[in-house]
file final_15.cif (mmCIF, C-alpha atoms and all ligand atoms)
data_query
#
loop_
_atom_site.label_atom_id
_atom_site.label_comp_id
_atom_site.auth_asym_id
_atom_site.auth_seq_id
_atom_site.Cartn_x
_atom_site.Cartn_y
_atom_site.Cartn_z
CA MET A 1 -1.55 18.17 32.58
CA ILE A 2 -1.88 15.35 35.09
CA TYR A 3 0.81 15.49 37.80
CA LYS A 4 2.12 12.81 40.15
CA GLU A 5 3.87 13.22 43.46
CA PHE A 6 7.26 11.59 43.83
CA LYS A 7 9.40 12.15 46.94
CA GLY A 8 8.21 15.73 47.26
CA GLU A 9 8.54 16.46 43.50
CA ARG A 10 5.57 17.27 41.27
CA LEU A 11 6.19 15.37 38.04
CA SER A 12 4.14 15.71 34.90
CA ASN A 13 2.65 12.28 34.22
CA LEU A 14 3.81 12.56 30.60
CA GLY A 15 7.56 12.77 29.95
CA PHE A 16 9.33 13.76 26.72
CA GLY A 17 11.60 10.87 25.68
CA ALA A 18 14.45 11.99 23.41
CA MET A 19 15.06 8.62 21.78
CA ARG A 20 13.28 9.26 18.48
CA LEU A 21 13.74 12.96 17.90
CA PRO A 22 12.55 14.53 14.63
CA GLN A 23 15.08 14.12 11.83
CA HIS A 24 15.84 15.74 8.49
CA SER A 25 15.75 13.54 5.38
CA ASP A 26 19.54 13.03 5.69
CA GLY A 27 19.09 11.50 9.15
CA THR A 28 20.41 14.44 11.18
CA ILE A 29 18.35 15.67 14.12
CA ASP A 30 16.06 18.57 13.32
CA ARG A 31 17.23 20.91 16.10
CA ASP A 32 14.65 23.60 15.33
CA ALA A 33 11.86 21.03 15.63
CA VAL A 34 13.30 19.80 18.95
CA ALA A 35 13.46 23.39 20.23
CA ALA A 36 9.83 23.95 19.17
CA MET A 37 8.71 20.71 20.82
CA THR A 38 10.59 21.57 24.02
CA ALA A 39 8.97 25.02 24.11
CA TYR A 40 5.54 23.48 23.57
CA ALA A 41 6.18 20.84 26.22
CA ILE A 42 7.20 23.38 28.84
CA ALA A 43 4.35 25.75 27.95
CA HIS A 44 1.87 22.90 28.37
CA GLY A 45 3.12 21.53 31.66
CA ILE A 46 5.55 18.74 30.72
CA ASN A 47 8.45 19.07 33.13
CA TYR A 48 10.26 15.71 32.64
CA PHE A 49 12.80 15.12 29.86
CA ASP A 50 14.61 11.85 29.28
CA THR A 51 17.74 11.14 27.28
CA ALA A 52 20.52 8.51 27.26
CA TYR A 53 24.14 8.08 26.22
CA PRO A 54 23.46 5.98 23.08
CA TYR A 55 20.33 7.76 21.80
CA HIS A 56 20.92 9.14 18.30
CA ASN A 57 24.55 7.98 18.57
CA GLY A 58 25.24 10.34 21.46
CA LEU A 59 23.60 13.39 19.89
CA SER A 60 20.31 13.25 21.78
CA GLU A 61 22.01 14.47 24.98
CA ILE A 62 23.57 17.40 23.15
CA VAL A 63 20.44 18.49 21.27
CA LEU A 64 18.14 18.11 24.27
CA GLY A 65 20.67 19.87 26.53
CA GLU A 66 20.85 22.75 24.07
CA ALA A 67 17.04 23.03 23.85
CA LEU A 68 16.68 22.99 27.66
CA SER A 69 19.51 25.44 28.27
CA HIS A 70 17.09 28.30 27.49
CA TYR A 71 14.99 27.50 30.56
CA PRO A 72 15.81 27.94 34.27
CA ARG A 73 17.41 24.74 35.57
CA HIS A 74 14.89 24.39 38.39
CA SER A 75 11.94 24.50 35.92
CA PHE A 76 12.49 21.01 34.47
CA PHE A 77 13.58 17.55 35.53
CA LEU A 78 16.27 15.93 33.39
CA ALA A 79 16.85 12.17 33.31
CA ASN A 80 19.91 10.46 31.85
CA LYS A 81 21.30 6.92 31.94
CA TYR A 82 24.55 5.07 32.42
CA PRO A 83 25.29 2.74 29.47
CA GLY A 84 26.31 -0.32 31.51
CA HIS A 85 24.54 -2.48 28.92
CA GLN A 86 27.14 -1.44 26.36
CA ILE A 87 30.13 -1.68 28.63
CA ALA A 88 33.52 -1.56 26.99
CA SER A 89 36.96 -1.33 28.56
CA GLU A 90 37.14 2.39 27.84
CA TYR A 91 33.97 3.11 29.84
CA HIS A 92 34.55 4.48 33.31
CA PRO A 93 31.61 5.73 35.34
CA ASP A 94 33.29 9.01 36.22
CA GLU A 95 34.39 9.81 32.65
CA VAL A 96 31.00 8.95 31.16
CA PHE A 97 29.10 10.82 33.88
CA GLU A 98 31.20 13.99 33.52
CA GLU A 99 30.84 13.83 29.74
CA GLN A 100 27.05 13.50 30.07
CA LEU A 101 26.80 16.52 32.37
CA GLN A 102 28.86 18.52 29.93
CA LYS A 103 26.87 17.42 26.88
CA CYS A 104 23.59 18.23 28.59
CA LYS A 105 24.93 21.60 29.86
CA VAL A 106 23.90 20.87 33.46
CA ASP A 107 25.70 20.27 36.73
CA TYR A 108 23.32 17.65 38.10
CA PHE A 109 20.76 15.13 36.85
CA ASP A 110 17.40 14.93 38.59
CA PHE A 111 17.00 11.29 37.62
CA TYR A 112 19.79 8.91 36.69
CA LEU A 113 19.25 5.33 35.59
CA MET A 114 21.31 2.20 35.09
CA HIS A 115 20.35 1.70 31.46
CA ASN A 116 18.79 -1.49 30.18
CA VAL A 117 19.36 -4.12 32.85
CA TYR A 118 18.73 -7.41 31.08
CA GLU A 119 20.15 -10.91 30.79
CA LYS A 120 23.31 -9.83 28.97
CA SER A 121 24.05 -6.69 31.00
CA ILE A 122 23.18 -7.65 34.56
CA ASP A 123 26.54 -9.33 35.24
CA VAL A 124 28.32 -6.18 34.13
CA TYR A 125 26.22 -4.07 36.47
CA LEU A 126 26.87 -6.49 39.32
CA ASP A 127 30.61 -6.79 38.62
CA GLU A 128 32.35 -4.81 41.35
CA GLN A 129 35.43 -4.17 39.19
CA TRP A 130 33.51 -1.37 37.40
CA GLY A 131 32.61 0.34 40.69
CA MET A 132 29.34 1.63 39.27
CA LEU A 133 27.05 1.42 42.27
CA ASP A 134 29.55 3.00 44.68
CA TYR A 135 30.33 5.77 42.23
CA PHE A 136 26.70 6.69 41.55
CA VAL A 137 25.68 6.49 45.20
CA GLU A 138 28.56 8.89 45.92
CA GLN A 139 27.29 11.29 43.22
CA LYS A 140 23.86 11.15 44.79
CA CYS A 141 25.35 12.06 48.18
CA LYS A 142 27.06 15.01 46.49
CA GLY A 143 23.75 16.18 44.98
CA ARG A 144 24.87 15.56 41.39
CA ILE A 145 22.19 12.90 41.07
CA ARG A 146 18.91 13.53 42.86
CA HIS A 147 17.21 10.17 42.29
CA LEU A 148 18.78 6.88 41.23
CA GLY A 149 16.91 4.22 39.31
CA PHE A 150 17.18 1.70 36.51
CA SER A 151 15.49 0.64 33.31
CA CYS A 152 14.90 -3.03 32.67
CA HIS A 153 14.15 -5.01 29.51
CA GLY A 154 15.00 -8.30 31.16
CA GLU A 155 12.76 -11.19 32.11
CA TYR A 156 11.14 -11.38 35.54
CA PRO A 157 14.00 -13.44 37.13
CA THR A 158 16.54 -10.82 35.99
CA LEU A 159 14.47 -8.00 37.48
CA LEU A 160 14.18 -9.96 40.70
CA ARG A 161 17.92 -10.70 40.76
CA PHE A 162 18.79 -7.03 40.29
CA LEU A 163 16.40 -5.93 43.03
CA ASP A 164 17.86 -8.57 45.37
CA SER A 165 21.42 -7.40 44.63
CA PRO A 166 23.12 -4.49 46.47
CA TYR A 167 21.48 -2.14 43.93
CA GLY A 168 18.01 -2.94 45.31
CA ALA A 169 18.41 -0.77 48.42
CA HIS A 170 19.42 2.28 46.35
CA MET A 171 16.87 2.23 43.53
CA ASP A 172 14.28 5.00 43.86
CA PHE A 173 12.32 4.00 40.74
CA CYS A 174 12.23 1.48 37.91
CA GLN A 175 11.47 2.01 34.23
CA LEU A 176 9.69 -0.86 32.49
CA GLN A 177 8.15 -1.50 29.11
CA VAL A 178 4.44 -1.47 29.81
CA ASN A 179 1.59 -1.29 27.31
CA TYR A 180 -1.54 -3.30 26.57
CA LEU A 181 0.36 -5.69 24.31
CA ASP A 182 3.27 -6.40 26.66
CA TRP A 183 1.07 -6.70 29.75
CA SER A 184 0.99 -10.44 29.20
CA LEU A 185 3.42 -10.83 26.27
CA GLN A 186 6.44 -9.64 28.28
CA GLN A 187 4.96 -10.37 31.70
CA ALA A 188 4.72 -6.65 32.47
CA ASP A 189 1.85 -7.45 34.86
CA LYS A 190 4.07 -9.72 36.96
CA LYS A 191 6.99 -7.27 36.92
CA CYS A 192 4.75 -4.37 37.98
CA ARG A 193 3.41 -6.49 40.83
CA LEU A 194 6.97 -7.10 42.02
CA LEU A 195 7.70 -3.36 42.00
CA ARG A 196 4.54 -2.69 44.03
CA GLU A 197 5.60 -5.33 46.58
CA ARG A 198 8.97 -3.56 46.90
CA ASN A 199 7.38 -0.08 46.99
CA ILE A 200 9.33 1.01 43.93
CA PRO A 201 7.53 3.57 41.77
CA LEU A 202 6.92 2.61 38.15
CA TRP A 203 8.18 4.61 35.17
CA VAL A 204 6.66 3.42 31.88
CA MET A 205 8.60 3.28 28.62
CA GLU A 206 7.34 2.24 25.19
CA PRO A 207 3.68 3.04 25.98
CA VAL A 208 2.80 2.75 22.27
CA ARG A 209 5.45 0.13 21.55
CA GLY A 210 7.66 2.19 19.26
CA GLY A 211 4.58 3.39 17.34
CA LEU A 212 3.06 -0.05 16.75
CA LEU A 213 0.02 0.75 18.92
CA ALA A 214 -0.36 4.23 17.48
CA ASN A 215 -0.38 3.06 13.87
CA LEU A 216 -3.05 0.40 13.76
CA SER A 217 -4.58 -0.79 10.52
CA ALA A 218 -7.72 1.03 9.40
CA GLU A 219 -9.70 -2.08 10.32
CA GLU A 220 -8.26 -2.20 13.86
CA ALA A 221 -8.56 1.55 14.40
CA ALA A 222 -12.18 1.88 13.22
CA PRO A 223 -13.96 0.65 16.40
CA LEU A 224 -11.66 2.75 18.58
CA LEU A 225 -12.29 5.93 16.61
CA GLN A 226 -16.00 5.23 16.58
CA ALA A 227 -16.11 4.70 20.35
CA ARG A 228 -14.08 7.84 21.11
CA PRO A 229 -14.30 10.20 18.14
CA ASP A 230 -12.37 12.95 19.98
CA GLU A 231 -9.34 10.79 20.70
CA SER A 232 -6.53 9.43 18.57
CA VAL A 233 -5.54 5.77 18.34
CA ALA A 234 -2.40 6.55 20.36
CA ALA A 235 -4.56 8.04 23.13
CA TRP A 236 -6.12 4.61 23.67
CA ALA A 237 -2.74 3.18 24.69
CA PHE A 238 -2.32 5.98 27.24
CA ARG A 239 -5.89 5.58 28.50
CA TRP A 240 -5.15 1.89 29.04
CA LEU A 241 -2.13 2.88 31.15
CA GLN A 242 -4.44 4.97 33.31
CA THR A 243 -6.24 1.75 34.20
CA VAL A 244 -3.15 -0.15 35.43
CA PRO A 245 -1.99 0.56 38.96
CA GLN A 246 -0.05 3.74 39.42
CA PRO A 247 2.56 4.55 36.78
CA THR A 248 4.23 7.69 38.14
CA MET A 249 5.84 8.59 34.83
CA ILE A 250 4.84 7.69 31.27
CA LEU A 251 7.58 8.41 28.77
CA SER A 252 6.74 8.90 25.15
CA GLY A 253 9.48 9.11 22.52
CA MET A 254 7.81 11.84 20.51
CA SER A 255 9.05 12.56 16.99
CA SER A 256 6.94 15.51 15.94
CA LEU A 257 5.06 18.49 17.33
CA GLU A 258 1.79 16.89 16.15
CA GLN A 259 2.47 13.81 18.29
CA MET A 260 3.29 16.02 21.24
CA LYS A 261 0.10 18.06 20.84
CA ASP A 262 -1.95 14.90 20.67
CA ASN A 263 -0.29 13.45 23.77
CA VAL A 264 -0.63 16.69 25.73
CA HIS A 265 -4.32 16.69 24.86
CA THR A 266 -4.62 13.10 26.15
CA PHE A 267 -2.89 13.95 29.42
CA GLU A 268 -5.20 16.85 30.19
CA ARG A 269 -7.46 14.43 32.04
CA VAL A 270 -7.90 10.90 33.30
CA SER A 271 -10.52 8.97 31.36
CA LEU A 272 -10.59 5.32 32.33
CA LEU A 273 -11.56 2.75 29.73
CA SER A 274 -14.81 0.90 30.27
CA ASP A 275 -14.82 -2.92 30.34
CA GLU A 276 -16.14 -2.94 26.75
CA GLU A 277 -13.39 -0.58 25.63
CA GLN A 278 -10.75 -2.73 27.27
CA LEU A 279 -12.10 -5.71 25.35
CA LEU A 280 -11.51 -3.81 22.09
CA LEU A 281 -7.84 -3.40 23.01
CA GLN A 282 -7.64 -6.99 24.15
CA ALA A 283 -8.78 -8.13 20.70
CA ILE A 284 -6.05 -6.02 19.06
CA ALA A 285 -3.43 -7.36 21.46
CA ASP A 286 -4.50 -10.95 20.75
CA ARG A 287 -4.08 -10.34 17.03
CA LYS A 288 -0.68 -8.72 17.40
CA ARG A 289 0.77 -11.27 19.75
CA ASN A 290 2.27 -13.16 16.86
CA SER A 291 4.17 -10.05 15.76
CA VAL A 292 7.88 -9.47 16.22
CA PRO A 293 8.15 -7.28 19.34
CA CYS A 294 10.62 -4.71 17.95
CA THR A 295 10.50 -1.38 19.80
CA ALA A 296 12.78 0.45 17.32
CA CYS A 297 15.37 1.07 20.04
CA ARG A 298 18.10 0.61 17.38
CA TYR A 299 20.53 -1.10 19.78
CA CYS A 300 21.15 -3.70 17.06
CA CYS A 301 21.97 -1.30 14.23
CA SER A 302 25.56 -0.45 15.10
CA SER A 303 26.51 -4.14 15.09
CA CYS A 304 25.30 -4.83 11.54
CA PRO A 305 28.21 -5.12 9.06
CA GLN A 306 25.74 -4.43 6.22
CA GLU A 307 24.36 -1.34 7.96
CA LEU A 308 20.80 -2.53 7.42
CA ASP A 309 17.96 -0.54 8.93
CA ILE A 310 16.89 -3.46 11.09
CA PRO A 311 13.94 -1.88 12.97
CA SER A 312 12.43 -0.78 9.68
CA LEU A 313 12.82 -4.34 8.35
CA MET A 314 11.19 -5.73 11.52
CA ASN A 315 8.34 -3.30 10.97
CA SER A 316 7.91 -4.38 7.36
CA TYR A 317 7.89 -8.00 8.48
CA ASN A 318 5.14 -7.30 11.03
CA ASP A 319 3.03 -5.46 8.49
CA LEU A 320 3.43 -8.22 5.92
CA ASN A 321 2.79 -10.89 8.50
CA LEU A 322 -0.39 -9.16 9.60
CA GLY A 323 -1.63 -9.15 6.02
CA PHE A 324 -0.86 -5.59 4.97
CA SER A 325 1.05 -5.55 1.73
CA LEU A 326 0.96 -2.24 -0.09
CA VAL A 327 2.87 -0.04 2.36
CA PRO A 328 5.55 -2.56 3.45
CA ILE A 329 6.22 -3.70 -0.10
CA MET A 330 6.52 -0.13 -1.28
CA LYS A 331 8.84 0.64 1.60
CA LEU A 332 11.02 -2.36 0.75
CA GLU A 333 10.98 -1.56 -2.92
CA ALA A 334 12.17 1.97 -2.17
CA LEU A 335 15.27 0.75 -0.36
CA PRO A 336 18.57 1.01 -2.23
CA PRO A 337 20.02 -2.39 -3.28
CA GLN A 338 22.64 -2.39 -0.51
CA LYS A 339 19.92 -1.91 2.15
CA GLN A 340 17.65 -4.70 0.94
CA PRO A 341 16.95 -7.51 3.43
CA THR A 342 18.49 -9.92 0.92
CA ARG A 343 21.86 -8.38 1.85
CA CYS A 344 21.64 -9.88 5.34
CA LEU A 345 24.64 -12.16 5.94
CA GLN A 346 22.84 -14.14 8.65
CA CYS A 347 25.83 -13.44 10.91
CA GLY A 348 23.69 -12.95 14.04
CA SER A 349 25.65 -10.03 15.57
CA CYS A 350 22.45 -7.98 15.76
CA ALA A 351 20.50 -10.57 17.76
CA GLN A 352 23.04 -10.42 20.60
CA MET A 353 22.23 -6.73 21.09
CA CYS A 354 18.45 -7.04 21.08
CA PRO A 355 16.79 -6.49 24.48
CA GLN A 356 13.57 -7.99 23.06
CA LYS A 357 15.47 -11.20 22.25
CA ILE A 358 14.32 -11.20 18.66
CA ASP A 359 15.94 -13.75 16.39
CA ILE A 360 16.64 -11.02 13.84
CA PRO A 361 18.39 -13.14 11.16
CA GLU A 362 15.49 -15.59 11.19
CA VAL A 363 12.93 -12.79 10.88
CA ILE A 364 14.87 -11.30 7.97
CA LYS A 365 14.95 -14.71 6.31
CA ARG A 366 11.15 -14.94 6.70
CA LEU A 367 10.77 -11.36 5.49
CA ASN A 368 12.61 -12.22 2.28
CA LEU A 369 10.25 -15.15 1.75
CA LEU A 370 7.12 -13.11 2.47
CA LYS A 371 8.33 -10.39 0.13
CA GLU A 372 8.98 -12.80 -2.74
CA GLN A 373 5.57 -14.44 -2.22
CA SER A 374 3.64 -11.18 -2.10
CA PRO A 375 1.50 -10.53 -5.20
CA LYS A 376 2.22 -6.84 -4.68
CA TRP A 377 5.94 -7.47 -5.05
CA THR A 378 5.36 -9.53 -8.24
CA GLU A 379 3.19 -6.73 -9.56
CA LEU A 380 5.84 -4.09 -8.81
CA CYS A 381 8.55 -6.25 -10.41
CA LYS A 382 6.42 -6.59 -13.56
CA GLN A 383 5.82 -2.83 -13.62
CA ARG A 384 9.54 -2.24 -13.26
CA GLU A 385 10.33 -4.65 -16.11
CA ALA A 386 7.71 -3.02 -18.33
CA ALA A 387 9.07 0.45 -17.56
CA ALA A 388 12.62 -0.72 -18.34
CA LYS A 389 11.47 -2.23 -21.67
CA ALA A 390 9.59 0.95 -22.57
CA LEU A 391 12.67 3.00 -21.78
CA LYS A 392 14.79 0.74 -23.99
CA GLY A 393 12.22 1.03 -26.83
CA ASN A 394 12.32 4.80 -26.64
CA LYS A 395 16.09 4.92 -27.02
S1 LIG A 401 22.36 -11.07 10.78
FE1 LIG A 401 21.93 -9.69 9.06
S2 LIG A 401 20.91 -7.95 10.00
FE2 LIG A 401 21.95 -9.06 11.63
S3 LIG A 401 23.93 -8.07 11.85
FE3 LIG A 401 24.22 -9.80 10.45
S4 LIG A 401 23.93 -8.88 8.41
FE4 LIG A 401 23.07 -7.41 9.88
S1 LIG A 402 15.41 -5.59 16.60
FE1 LIG A 402 15.71 -5.49 18.82
S2 LIG A 402 17.56 -4.22 19.10
FE2 LIG A 402 16.86 -3.94 17.01
S3 LIG A 402 15.58 -2.12 17.07
FE3 LIG A 402 14.21 -3.87 17.31
S4 LIG A 402 14.02 -4.18 19.51
FE4 LIG A 402 15.79 -2.84 19.20
#

call {"tool": "encode", "arguments": {"input": "final_15.cif", "output": "C-alpha cells"}}
result
Amino acid sequence: MIYKEFKGERLSNLGFGAMRLPQHSDGTIDRDAVAAMTAYAIAHGINYFDTAYPYHNGLSEIVLGEALSHYPRHSFFLANKYPGHQIASEYHPDEVFEEQLQKCKVDYFDFYLMHNVYEKSIDVYLDEQWGMLDYFVEQKCKGRIRHLGFSCHGEYPTLLRFLDSPYGAHMDFCQLQVNYLDWSLQQADKKCRLLRERNIPLWVMEPVRGGLLANLSAEEAAPLLQARPDESVAAWAFRWLQTVPQPTMILSGMSSLEQMKDNVHTFERVSLLSDEEQLLLQAIADRKRNSVPCTACRYCCSSCPQELDIPSLMNSYNDLNLGFSLVPIMKLEALPPQKQPTRCLQCGSCAQMCPQKIDIPEVIKRLNLLKEQSPKWTELCKQREAAAKALKGNK
C-alpha cells in the first residue's frame, strides 16, 4: 500500500468510501459483505474509512461503525461529514454530531468535513445563525475532531469564496472531484491549483466517476487492456491520479470485495502513465465530454415524487447517447411500469438537489426520445407483442 504523510499521520493513499456499499437484491446493505471488505481493507493496509450522514439514508454510518468496532480505535482513521448542504430547521450541529458519534460507535472523528459546499449550500455554511464553524472548531479543541476539512462540488468561484471566508483559516484539507474526465470538464485542474496555492492538501473523490471510468465500452477498453494487460480499466483512472500533483487521499466508493482487491492491487505501487498512455485516456475523455456528468451520489432521489431511480436513468441515457443500445434498453425494459422514465412529471425538484447541476428533467425527456427511437426497443416491443399473442393463442 502506498502511504502519504499528513500532519504526522501515515494515511493509506487509498480510502474506503462507504457511499455505495454492497446491497442485497431488496436494496438493504449487505452487512456481511461490508464486514468482509473492512477486514480485507485493514489486512491490506487501508487505514482510512469515509462515511457521511446521508449515505444510504443514514445507514452507512451505522454499518461502517459496526464493521470497524471490531478493530482497535487507534488502528484506523474515520472520516464523517456535517450535512450543511441539506440543512433543515431541525438540524443543529451538536445534535447531528452527537448522533453521528453514537451511530459510528466512536468518541471522536479523525477527519470531519463540511459536506458538499456548492452554490446552493455555501450561504447556509456561511450563515452565522447556525453556528457551525464555531461549534466544530470547539470540538476540534476538545479532541473530538482531529482534522477539519470540507468537500466541494461547487464551481471555482464558490471554492474561492469558501476559502476566503472565516472557514478558510480552519480547513486542514479539501475533498474535490478529480479524475481524467473532470480535469477540464469541471475545472478540477484550476481548483487543484488554488488548493496548492493555499497549501491545502487534496483529497480526491469520484476517481472513477461513479463507475463511468471503470466500465468503459469494449472498444474504449481494448487499447488500455492491450497496453497494460495486468491492470484493470479502473486502475487506469488511479494511475492517471498518480500523475497529477499530490493527492494525499484517494477515496473509492467500493461496492464489492472484487473491486477492493483490484484497487488494493493498483495501490501496491506507483506506476506513472507514459505520454502515449495519457493520450489514450485523453481520447476517451474527449468522447465522454458530451455525457451527462452524473456521479450516482443519489442526492436527487429523495426529492422525486415518483421515486424514480434517477442515477440509473442518467446512466442509461449516457449509454444510449454514446451509441450502446443493448444493455441500457434491456435495463429500461426491466423496470416496472411505475419506475419508467415516462413517469417523470417534469417537476424539476430533483435538479435543485444535483451538485453536478444536471438538468435532470431535460435529460429524462431526451432519454424517453432516445428509447423510443432505438431499434432495440422496437425489437423488444415486437417480441413482447408476439409473446403476448402466442400466450393468448395457447389459452
Ligand atoms: S422532474 Fe421527474 S425525475 Fe425529477 S423529481 Fe420530478 S418526477 Fe422525479
Ligand atoms: S443526477 Fe445529480 S444528484 Fe442525482 S445522482 Fe446524479 S449527480 Fe447525484

call {"tool": "residues_near_ligand", "arguments": {"input": "final_15.cif", "ligand": "ligand LIG 402 (chain A)", "cutoff": "8 Å", "atoms": "all atoms listed in the file", "output": "list in words"}}
result
Pro293, Cys294, Thr295, Ala296, Cys297, Arg298, Tyr299, Cys300, Cys301, Ile310, Pro311, Met314, Cys350, Ala351, Met353, Cys354, Pro355, Gln356, Lys357, Ile358 and Ile360 of chain A

call {"tool": "residues_near_point", "arguments": {"input": "final_15.cif", "point": "(19.7, 6.9, 25.7)", "cutoff": "7 Å", "atoms": "only C-alpha atoms", "output": "list in words"}}
result
Met19, Thr51, Ala52, Tyr53, Pro54, Tyr55 and Lys81 of chain A

call {"tool": "atom_distance", "arguments": {"input": "final_15.cif", "atom1": "atom CA of A:His115", "atom2": "atom CA of A:Pro83"}}
result
5.4 Å

call {"tool": "axis_aligned_box", "arguments": {"input": "final_15.cif", "around": "ligand LIG 401 (chain A)", "padding_each_side": "3 Å", "output": "AutoDock Vina command-line options"}}
result
--center_x 22.6 --center_y -9.2 --center_z 10.1 --size_x 9.3 --size_y 9.7 --size_z 9.4

call {"tool": "residues_near_ligand", "arguments": {"input": "final_15.cif", "ligand": "ligand LIG 401 (chain A)", "cutoff": "10 Å", "atoms": "all atoms listed in the file", "output": "ChimeraX atom specification"}}
result
/A:300-311,313,339,341-353,359-365

call {"tool": "closest_residue", "arguments": {"input": "final_15.cif", "among": "A:Met249, A:Leu225, A:Leu11, A:Met260", "to": "A:Ala33", "atoms": "all atoms listed in the file"}}
result
A:Met260

call {"tool": "closest_residue", "arguments": {"input": "final_15.cif", "among": "A:Leu59, A:Ala79, A:Met171, A:Met205", "to": "A:Asp110", "atoms": "all atoms listed in the file"}}
result
A:Ala79

call {"tool": "residues_around", "arguments": {"input": "final_15.cif", "residues": "A:Met37", "least_positions_apart": "2", "cutoff": "10 Å", "atoms": "all atoms listed in the file", "output": "list in words"}}
result
Phe16, Leu21, Pro22, Arg31, Asp32, Ala33, Val34, Ala35, Ala39, Tyr40, Ala41, Ile42, Ala43, Ala67, Met254, Ser255, Ser256, Leu257, Glu258, Gln259, Met260 and Lys261 of chain A

call {"tool": "atom_distance", "arguments": {"input": "final_15.cif", "atom1": "atom CA of A:His85", "atom2": "atom CA of A:Val117"}}
result
6.7 Å
